[in-house]
file upload-v8.txt (compact mmCIF, C-alpha atoms and all ligand atoms)
# COMPACT_ATOMS: atom_id res chain seq x y z
CA MET H 13 -19.55 29.14 -24.16
CA SER H 14 -20.88 30.28 -20.80
CA LEU H 15 -24.09 30.60 -18.84
CA GLU H 16 -23.72 34.34 -19.25
CA THR H 17 -23.93 34.12 -23.06
CA ILE H 18 -27.00 31.86 -22.81
CA TYR H 19 -28.58 34.41 -20.47
CA GLU H 20 -27.87 37.14 -23.03
CA GLY H 21 -29.13 35.01 -25.90
CA VAL H 22 -32.52 34.55 -24.22
CA LEU H 23 -32.67 38.13 -22.96
CA ASN H 24 -32.01 39.51 -26.46
CA GLY H 25 -34.20 36.92 -28.16
CA ASP H 26 -31.35 35.53 -30.23
CA ALA H 27 -32.59 31.98 -30.86
CA LYS H 28 -29.67 30.99 -33.09
CA LYS H 29 -27.06 32.06 -30.56
CA THR H 30 -29.04 30.47 -27.72
CA GLU H 31 -29.26 27.17 -29.59
CA ALA H 32 -25.53 27.11 -30.35
CA GLU H 33 -24.56 28.09 -26.81
CA VAL H 34 -26.89 25.59 -25.12
CA SER H 35 -25.60 22.81 -27.40
CA ALA H 36 -22.03 23.76 -26.55
CA ALA H 37 -22.80 23.89 -22.82
CA LEU H 38 -24.41 20.44 -22.87
CA SER H 39 -21.51 19.00 -24.88
CA ALA H 40 -19.17 20.41 -22.24
CA HIS H 41 -21.21 18.55 -19.58
CA THR H 42 -22.74 21.65 -17.99
CA PRO H 43 -25.66 20.33 -15.90
CA PRO H 44 -28.94 21.01 -17.80
CA GLU H 45 -30.44 22.28 -14.51
CA ASP H 46 -27.76 25.01 -14.40
CA VAL H 47 -28.57 26.08 -17.98
CA LEU H 48 -32.24 26.30 -17.02
CA TYR H 49 -32.13 27.81 -13.53
CA LYS H 50 -28.98 29.93 -13.76
CA ALA H 51 -29.37 31.29 -17.31
CA CYS H 52 -32.72 30.79 -19.09
CA ILE H 53 -35.18 31.45 -16.25
CA PRO H 54 -33.30 34.50 -14.85
CA ALA H 55 -33.25 35.90 -18.42
CA MET H 56 -37.04 35.55 -18.72
CA GLU H 57 -37.42 37.20 -15.30
CA GLU H 58 -35.33 40.12 -16.53
CA VAL H 59 -37.48 40.34 -19.70
CA GLY H 60 -40.54 40.64 -17.43
CA ARG H 61 -38.87 43.31 -15.33
CA LEU H 62 -37.91 45.34 -18.44
CA PHE H 63 -41.46 44.98 -19.84
CA GLU H 64 -42.88 46.27 -16.59
CA ALA H 65 -40.43 49.18 -16.67
CA GLY H 66 -41.57 50.05 -20.20
CA GLU H 67 -38.17 49.20 -21.66
CA LYS H 68 -39.29 46.11 -23.58
CA PHE H 69 -42.51 45.50 -25.49
CA VAL H 70 -44.67 42.52 -26.48
CA PRO H 71 -42.74 41.63 -29.69
CA GLU H 72 -39.52 41.53 -27.68
CA MET H 73 -41.13 39.33 -25.01
CA LEU H 74 -42.19 37.05 -27.84
CA ILE H 75 -38.74 36.70 -29.41
CA SER H 76 -37.23 36.05 -25.98
CA ALA H 77 -39.89 33.38 -25.44
CA ARG H 78 -38.88 31.80 -28.78
CA ALA H 79 -35.22 31.72 -27.76
CA MET H 80 -36.24 30.17 -24.42
CA GLN H 81 -38.27 27.51 -26.26
CA THR H 82 -35.26 26.69 -28.44
CA ALA H 83 -33.24 26.13 -25.27
CA MET H 84 -36.02 23.99 -23.77
CA ARG H 85 -36.13 21.74 -26.84
CA LEU H 86 -32.46 20.93 -26.28
CA LEU H 87 -32.81 20.55 -22.51
CA ARG H 88 -35.93 18.42 -22.61
CA PRO H 89 -34.29 15.04 -23.38
CA ARG H 90 -31.75 15.68 -20.61
CA LEU H 91 -34.34 16.59 -18.00
CA THR H 92 -36.82 13.84 -18.71
CA SER H 93 -35.89 10.23 -18.34
CA ALA H 94 -37.56 7.01 -19.41
CA ASN H 95 -39.03 5.75 -16.18
CA ILE H 96 -40.26 2.18 -16.34
CA GLN H 97 -43.01 2.50 -13.79
CA SER H 98 -45.35 5.47 -14.07
CA LEU H 99 -46.16 7.33 -10.84
CA GLY H 100 -49.51 8.38 -12.26
CA LYS H 101 -51.08 10.53 -14.91
CA VAL H 102 -51.20 14.35 -14.85
CA VAL H 103 -53.24 16.50 -17.25
CA VAL H 104 -51.71 19.97 -17.61
CA GLY H 105 -52.87 23.13 -19.35
CA THR H 106 -52.79 26.92 -19.29
CA VAL H 107 -56.25 28.26 -18.40
CA ALA H 108 -58.77 30.00 -20.68
CA GLY H 109 -57.71 33.35 -22.11
CA ASP H 110 -54.06 32.78 -21.24
CA LEU H 111 -51.40 32.00 -23.84
CA HIS H 112 -48.31 31.83 -21.60
CA ASP H 113 -46.94 28.32 -21.86
CA ILE H 114 -43.24 28.37 -20.97
CA GLY H 115 -43.78 27.71 -17.26
CA LYS H 116 -46.45 25.09 -17.95
CA ASN H 117 -44.12 23.33 -20.41
CA LEU H 118 -41.35 23.30 -17.81
CA VAL H 119 -43.70 21.84 -15.21
CA ALA H 120 -44.72 19.14 -17.74
CA MET H 121 -41.06 18.41 -18.42
CA MET H 122 -40.15 18.07 -14.73
CA LEU H 123 -43.21 15.89 -14.07
CA GLU H 124 -42.15 13.59 -16.90
CA GLY H 125 -38.61 13.62 -15.58
CA SER H 126 -39.79 12.41 -12.21
CA GLY H 127 -41.88 9.58 -13.63
CA PHE H 128 -45.35 10.94 -14.32
CA GLU H 129 -47.23 10.39 -17.55
CA VAL H 130 -48.25 13.85 -18.82
CA VAL H 131 -51.15 14.82 -21.07
CA ASP H 132 -50.63 18.42 -22.20
CA LEU H 133 -53.79 20.27 -23.28
CA GLY H 134 -51.84 23.36 -24.39
CA THR H 135 -52.97 26.92 -23.75
CA ASP H 136 -56.34 28.69 -23.50
CA VAL H 137 -57.93 25.61 -21.93
CA THR H 138 -61.54 26.22 -20.88
CA PRO H 139 -63.08 24.60 -17.77
CA GLN H 140 -65.10 22.35 -20.10
CA LYS H 141 -61.94 21.14 -21.86
CA PHE H 142 -60.39 20.22 -18.49
CA VAL H 143 -63.58 18.35 -17.57
CA ASP H 144 -63.56 16.49 -20.90
CA ALA H 145 -59.88 15.59 -20.43
CA VAL H 146 -60.54 14.20 -16.94
CA LYS H 147 -63.30 12.02 -18.42
CA GLN H 148 -61.12 10.90 -21.32
CA HIS H 149 -57.77 10.36 -19.60
CA ALA H 150 -58.75 9.66 -15.96
CA PRO H 151 -55.67 11.42 -14.52
CA GLN H 152 -54.84 11.39 -10.80
CA VAL H 153 -53.88 15.08 -10.94
CA ILE H 154 -54.66 18.12 -13.07
CA GLY H 155 -52.14 20.98 -13.19
CA MET H 156 -53.42 24.41 -14.19
CA SER H 157 -51.18 27.34 -15.08
CA ALA H 158 -52.10 31.06 -15.18
CA LEU H 159 -49.75 34.01 -15.74
CA LEU H 160 -52.31 36.80 -15.86
CA THR H 161 -54.27 38.15 -12.91
CA THR H 162 -57.23 38.37 -15.30
CA THR H 163 -57.18 34.61 -16.08
CA MET H 164 -56.72 33.36 -12.50
CA PRO H 165 -60.51 33.15 -11.93
CA SER H 166 -60.70 30.45 -14.61
CA MET H 167 -58.96 28.12 -12.14
CA GLY H 168 -61.82 28.44 -9.67
CA ALA H 169 -64.30 28.06 -12.52
CA THR H 170 -62.60 24.82 -13.55
CA ILE H 171 -62.85 23.43 -10.00
CA GLU H 172 -66.56 24.33 -10.01
CA ALA H 173 -67.02 22.65 -13.40
CA LEU H 174 -65.33 19.49 -12.06
CA LYS H 175 -67.74 19.52 -9.10
CA GLU H 176 -70.75 19.95 -11.38
CA ALA H 177 -69.58 17.04 -13.52
CA GLY H 178 -69.23 14.91 -10.36
CA LEU H 179 -65.50 14.47 -10.99
CA ARG H 180 -63.95 16.60 -8.25
CA GLU H 181 -63.45 13.69 -5.82
CA GLN H 182 -61.50 11.59 -8.29
CA VAL H 183 -58.80 14.09 -9.20
CA LYS H 184 -56.33 16.27 -7.27
CA VAL H 185 -56.00 19.86 -8.49
CA MET H 186 -52.61 21.55 -8.47
CA ILE H 187 -52.15 25.16 -9.61
CA GLY H 188 -49.28 27.52 -10.34
CA GLY H 189 -47.98 30.48 -12.32
CA ALA H 190 -46.32 33.78 -11.40
CA PRO H 191 -49.37 35.48 -9.79
CA ILE H 192 -50.57 32.35 -7.92
CA THR H 193 -50.13 32.02 -4.16
CA GLN H 194 -50.92 29.36 -1.56
CA ASP H 195 -53.55 31.73 -0.24
CA PHE H 196 -55.30 31.86 -3.63
CA ALA H 197 -55.08 28.06 -3.92
CA ASP H 198 -56.77 27.71 -0.51
CA LYS H 199 -59.43 30.24 -1.46
CA ILE H 200 -60.55 28.38 -4.59
CA GLY H 201 -60.24 24.95 -2.96
CA ALA H 202 -57.27 23.62 -4.97
CA ASP H 203 -55.39 20.71 -3.41
CA GLY H 204 -51.91 22.04 -4.06
CA PHE H 205 -49.77 24.93 -5.22
CA ALA H 206 -46.10 25.05 -6.17
CA PRO H 207 -44.01 28.11 -6.99
CA ASP H 208 -41.73 26.42 -9.54
CA ALA H 209 -41.32 23.38 -11.76
CA SER H 210 -39.17 21.24 -9.49
CA SER H 211 -41.40 21.77 -6.46
CA ALA H 212 -44.38 21.04 -8.75
CA SER H 213 -43.24 17.46 -9.26
CA ARG H 214 -42.55 17.06 -5.53
CA ARG H 215 -46.02 18.47 -4.79
CA ALA H 216 -47.63 16.06 -7.26
CA LYS H 217 -45.91 13.17 -5.49
CA THR H 218 -47.09 14.25 -2.05
CA LEU H 219 -50.63 14.71 -3.39
CA LEU H 220 -50.58 11.09 -4.46
CA GLY H 221 -48.85 9.93 -1.31
CA ALA H 222 -45.86 8.81 -3.40
CA ALA H 223 -43.20 11.10 -1.90
C1 LIG H 301 -42.86 35.62 -22.15
C2 LIG H 301 -44.05 36.45 -21.74
C3 LIG H 301 -45.07 36.62 -22.68
C4 LIG H 301 -45.09 35.90 -24.03
C5 LIG H 301 -45.58 34.45 -23.77
C6 LIG H 301 -44.96 33.45 -24.74
C7 LIG H 301 -45.23 32.03 -24.31
N1 LIG H 301 -45.23 31.15 -25.29
O1 LIG H 301 -45.42 31.69 -23.15
C8 LIG H 301 -46.12 36.78 -24.84
C9 LIG H 301 -45.37 37.83 -25.61
C10 LIG H 301 -47.03 36.01 -25.80
C11 LIG H 301 -46.88 37.47 -23.71
C12 LIG H 301 -48.10 38.06 -23.90
C13 LIG H 301 -48.77 38.80 -22.91
N2 LIG H 301 -48.30 39.09 -21.69
CO1 LIG H 301 -46.74 38.25 -20.91
N3 LIG H 301 -45.12 37.80 -20.06
C14 LIG H 301 -44.11 37.04 -20.44
C15 LIG H 301 -43.02 37.06 -19.32
C16 LIG H 301 -41.94 38.05 -19.74
C17 LIG H 301 -42.33 35.75 -19.00
C18 LIG H 301 -43.24 34.58 -18.61
C19 LIG H 301 -42.39 33.34 -18.57
O2 LIG H 301 -42.33 32.58 -19.53
N4 LIG H 301 -41.64 33.15 -17.47
C20 LIG H 301 -40.70 32.05 -17.30
C21 LIG H 301 -41.38 30.84 -16.69
C22 LIG H 301 -40.35 29.72 -16.51
O3 LIG H 301 -41.90 31.18 -15.43
P1 LIG H 301 -43.46 31.01 -15.03
O4 LIG H 301 -44.30 31.09 -16.24
O5 LIG H 301 -43.75 31.90 -13.88
O6 LIG H 301 -43.55 29.49 -14.55
C23 LIG H 301 -42.95 28.99 -13.38
C24 LIG H 301 -43.84 29.06 -12.12
O7 LIG H 301 -44.77 30.10 -12.16
C25 LIG H 301 -44.43 27.70 -12.01
N5 LIG H 301 -45.66 27.36 -12.74
C26 LIG H 301 -46.13 27.83 -13.90
N6 LIG H 301 -47.23 27.16 -14.27
C27 LIG H 301 -47.47 26.24 -13.32
C28 LIG H 301 -48.48 25.29 -13.21
C29 LIG H 301 -48.49 24.45 -12.11
C30 LIG H 301 -49.55 23.41 -11.99
C31 LIG H 301 -47.51 24.59 -11.09
C32 LIG H 301 -47.57 23.73 -9.89
C33 LIG H 301 -46.49 25.53 -11.21
C34 LIG H 301 -46.48 26.36 -12.33
O8 LIG H 301 -43.40 26.87 -12.49
C35 LIG H 301 -42.79 27.50 -13.62
C36 LIG H 301 -41.36 27.02 -13.77
O9 LIG H 301 -40.57 27.27 -12.64
C37 LIG H 301 -43.88 37.54 -18.09
C38 LIG H 301 -43.09 38.20 -16.97
C39 LIG H 301 -43.04 37.41 -15.68
N7 LIG H 301 -42.31 37.93 -14.73
O10 LIG H 301 -43.66 36.37 -15.52
C40 LIG H 301 -44.92 38.43 -18.77
C41 LIG H 301 -46.27 38.69 -18.10
C42 LIG H 301 -46.82 37.41 -17.48
N8 LIG H 301 -47.10 39.10 -19.23
C43 LIG H 301 -47.91 40.07 -18.93
C44 LIG H 301 -48.84 40.66 -19.85
C45 LIG H 301 -49.57 41.89 -19.35
C46 LIG H 301 -49.04 40.12 -21.14
C47 LIG H 301 -50.04 40.62 -22.19
C48 LIG H 301 -51.45 40.99 -21.65
C49 LIG H 301 -49.36 41.79 -22.92
C50 LIG H 301 -50.21 42.52 -23.95
N9 LIG H 301 -50.45 43.77 -23.66
O11 LIG H 301 -50.59 41.96 -24.92
C51 LIG H 301 -50.09 39.42 -23.17
C52 LIG H 301 -51.24 38.43 -22.84
C53 LIG H 301 -51.39 37.32 -23.85
C54 LIG H 301 -52.31 36.23 -23.34
N10 LIG H 301 -53.59 36.30 -23.64
O12 LIG H 301 -51.89 35.33 -22.63
C55 LIG H 301 -47.78 40.50 -17.47
C56 LIG H 301 -48.95 40.00 -16.60
C57 LIG H 301 -49.43 41.05 -15.62
C58 LIG H 301 -50.50 40.50 -14.74
N11 LIG H 301 -50.22 40.58 -13.45
O13 LIG H 301 -51.51 40.01 -15.13
C59 LIG H 301 -46.36 39.94 -17.10
C60 LIG H 301 -46.20 39.56 -15.60
C61 LIG H 301 -45.33 41.03 -17.50
C62 LIG H 301 -45.35 42.23 -16.58
N12 LIG H 301 -44.42 42.31 -15.63
O14 LIG H 301 -46.21 43.09 -16.70
N13 LIG H 301 -46.18 37.43 -22.53
call {"tool": "encode", "arguments": {"input": "upload-v8.txt", "output": "structure tokens"}}
result
Amino acid sequence: MSLETIYEGVLNGDAKKTEAEVSAALSAHTPPEDVLYKACIPAMEEVGRLFEAGEKFVPEMLISARAMQTAMRLLRPRLTSANIQSLGKVVVGTVAGDLHDIGKNLVAMMLEGSGFEVVDLGTDVTPQKFVDAVKQHAPQVIGMSALLTTTMPSMGATIEALKEAGLREQVKVMIGGAPITQDFADKIGADGFAPDASSASRRAKTLLGAA
């Protein structure tokens, strides 16, 4: 059992091996944050690098994603804790046209872990679906994720849709995903941006003045 073998399990898309190795690591009291940040996430970054270099293809990205999800299922109960008092409600989703959900799921997990109630709308969430969810759940924050440069504009469209529905003032908008920058967040009028899952929960707290 080692972080190295977990890294290789995710990189090679070996879900069975990943599951066994993550279980063993957790039984041996390896911090779940180490499993996530020192093995699983670097492995997904390497998958992206190899895809870009033309050395891995979509099916391989997909099997790596499955192995990563297996690891996340085991890590989830360790990273989230039953907080008695909720800090507030956050609606999260991956924007329209975009099916990448690993980062969004991690953000949801870390938000839950730090005491937020999370409503997860899943992937391919249209501006209208975000608007409907704000009406239905009355969250303090919405968190949008985009991993494709082609789906980033849907974030701005969602902010516009919130304005049109007269809901923009009652909800803070936080955005993230690999291609997202603070500059882009400022441009579309989002309230916050965070580059990773742990800073996302800190950002949500500062947005609500609860830091
Ligand atoms: C796995 C993967 C897939 C899987 C997704 C499986 C799944 N269930 O998610 C599959 C195989 C389905 C896939 C498909 C495609 N993919 Co893909 N994919 C990836 C890959 C390798 C990893 C993404 C990932 O999970 N990273 C790990 C997580 C933990 O990181 P993250 O998502 O960035 O999230 C972190 C932060 O960004 C942040 N964050 C994320 N969301 C949010 C939200 C908020 C509110 C906040 C505050 C923070 C935050 O916190 C997270 C945790 O720290 C990336 C490569 C990369 N470098 O990103 C390519 C990548 C994103 N894919 C890419 C492409 C091109 C595609 C396809 C178009 C390929 C194709 N030809 O079909 C399709 C598009 C499908 C679609 N419509 O969405 C490109 C995008 C290029 C671009 N600039 O637009 C990338 C960058 C690969 C590359 N280098 O070319 N992909």
call {"tool": "atom_distance", "arguments": {"input": "upload-v8.txt", "atom1": "atom CA of Met84 of chain H", "atom2": "atom CA of Lys50 of chain H"}}
result
13.6 Å
call {"tool": "residues_around", "arguments": {"input": "upload-v8.txt", "residues": "Arg78 of chain H", "least_positions_apart": "3", "cutoff": "7 Å", "atoms": "all atoms listed in the file", "output": "JSON, numbers by chain"}}
result
{"H": [25, 27, 74, 75, 81, 82]}
call {"tool": "residues_around", "arguments": {"input": "upload-v8.txt", "residues": "segment 36-46 of chain H", "least_positions_apart": "4", "cutoff": "8 Å", "atoms": "all atoms listed in the file", "output": "PyMOL selection string"}}
result
chain H and resi 13-15+32+50-51+87+90-91
call {"tool": "closest_atom_pairs", "arguments": {"input": "upload-v8.txt", "of": "chain H", "to": "ligand LIG 301 (chain H)", "cutoff": "7 Å", "atoms": "only C-alpha atoms and all ligand atoms", "output": "CSV"}}
result
residue,atom,partner,partner_atom,distance
H:Ile53,CA,H:LIG301,C22,5.5
H:Met56,CA,H:LIG301,C20,5.3
H:Glu57,CA,H:LIG301,N7,5.0
H:Val59,CA,H:LIG301,C16,5.0
H:Gly60,CA,H:LIG301,C38,3.6
H:Arg61,CA,H:LIG301,N12,5.6
H:Phe63,CA,H:LIG301,C62,5.8
H:Glu64,CA,H:LIG301,N12,4.4
H:Val70,CA,H:LIG301,C9,4.8
H:Pro71,CA,H:LIG301,C9,6.2
H:Met73,CA,H:LIG301,C9,4.5
H:Leu74,CA,H:LIG301,C9,4.0
H:Ser76,CA,H:LIG301,C1,6.8
H:Ala77,CA,H:LIG301,C1,5.0
H:Val104,CA,H:LIG301,C30,6.9
H:Gly109,CA,H:LIG301,N10,5.3
H:Asp110,CA,H:LIG301,O12,3.6
H:Leu111,CA,H:LIG301,O12,3.6
H:His112,CA,H:LIG301,O1,3.3
H:Asp113,CA,H:LIG301,O1,3.9
H:Ile114,CA,H:LIG301,O1,4.5
H:Gly115,CA,H:LIG301,O6,3.3
H:Lys116,CA,H:LIG301,N6,4.3
H:Leu118,CA,H:LIG301,C36,5.5
H:Val119,CA,H:LIG301,O8,5.7
H:Gly155,CA,H:LIG301,C30,3.7
H:Met156,CA,H:LIG301,C30,4.6
H:Ser157,CA,H:LIG301,C28,3.9
H:Ala158,CA,H:LIG301,N6,6.3
H:Leu159,CA,H:LIG301,C42,4.8
H:Leu160,CA,H:LIG301,O13,3.4
H:Thr161,CA,H:LIG301,O13,4.0
H:Thr162,CA,H:LIG301,O13,6.0
H:Met186,CA,H:LIG301,C30,5.0
H:Ile187,CA,H:LIG301,C30,3.9
H:Gly188,CA,H:LIG301,C31,3.5
H:Gly189,CA,H:LIG301,O7,3.2
H:Ala190,CA,H:LIG301,O5,4.0
H:Pro191,CA,H:LIG301,N11,6.3
H:Phe205,CA,H:LIG301,C32,5.3
H:Ala206,CA,H:LIG301,C32,4.2
H:Pro207,CA,H:LIG301,C25,5.1
H:Asp208,CA,H:LIG301,O9,3.4
H:Ala209,CA,H:LIG301,O9,4.1
H:Ser210,CA,H:LIG301,O9,6.9
H:Ala212,CA,H:LIG301,C32,4.3
call {"tool": "atom_distance", "arguments": {"input": "upload-v8.txt", "atom1": "atom CA of Ala202 of chain H", "atom2": "atom CA of Gly178 of chain H"}}
result
15.7 Å
call {"tool": "closest_residue", "arguments": {"input": "upload-v8.txt", "among": "H:Ala120, H:Leu179, H:Leu62, H:Ala169", "to": "Ala108 of chain H", "atoms": "only C-alpha atoms"}}
result
H:Ala169
call {"tool": "closest_residue", "arguments": {"input": "upload-v8.txt", "among": "H:Gln152, H:Thr106, H:Ser213, H:Thr218", "to": "Met164 of chain H", "atoms": "only C-alpha atoms"}}
result
H:Thr106
call {"tool": "residues_around", "arguments": {"input": "upload-v8.txt", "residues": "Gly105 of chain H", "least_positions_apart": "4", "cutoff": "6 Å", "atoms": "all atoms listed in the file", "output": "PyMOL selection string"}}
result
chain H and resi 132-135+156
call {"tool": "atom_distance", "arguments": {"input": "upload-v8.txt", "atom1": "atom CA of Gly204 of chain H", "atom2": "atom CA of Gln148 of chain H"}}
result
22.5 Å
call {"tool": "closest_residue", "arguments": {"input": "upload-v8.txt", "among": "H:Phe69, H:Tyr19, H:Phe128, H:Tyr49", "to": "Ser98 of chain H", "atoms": "all atoms listed in the file"}}
result
H:Phe128
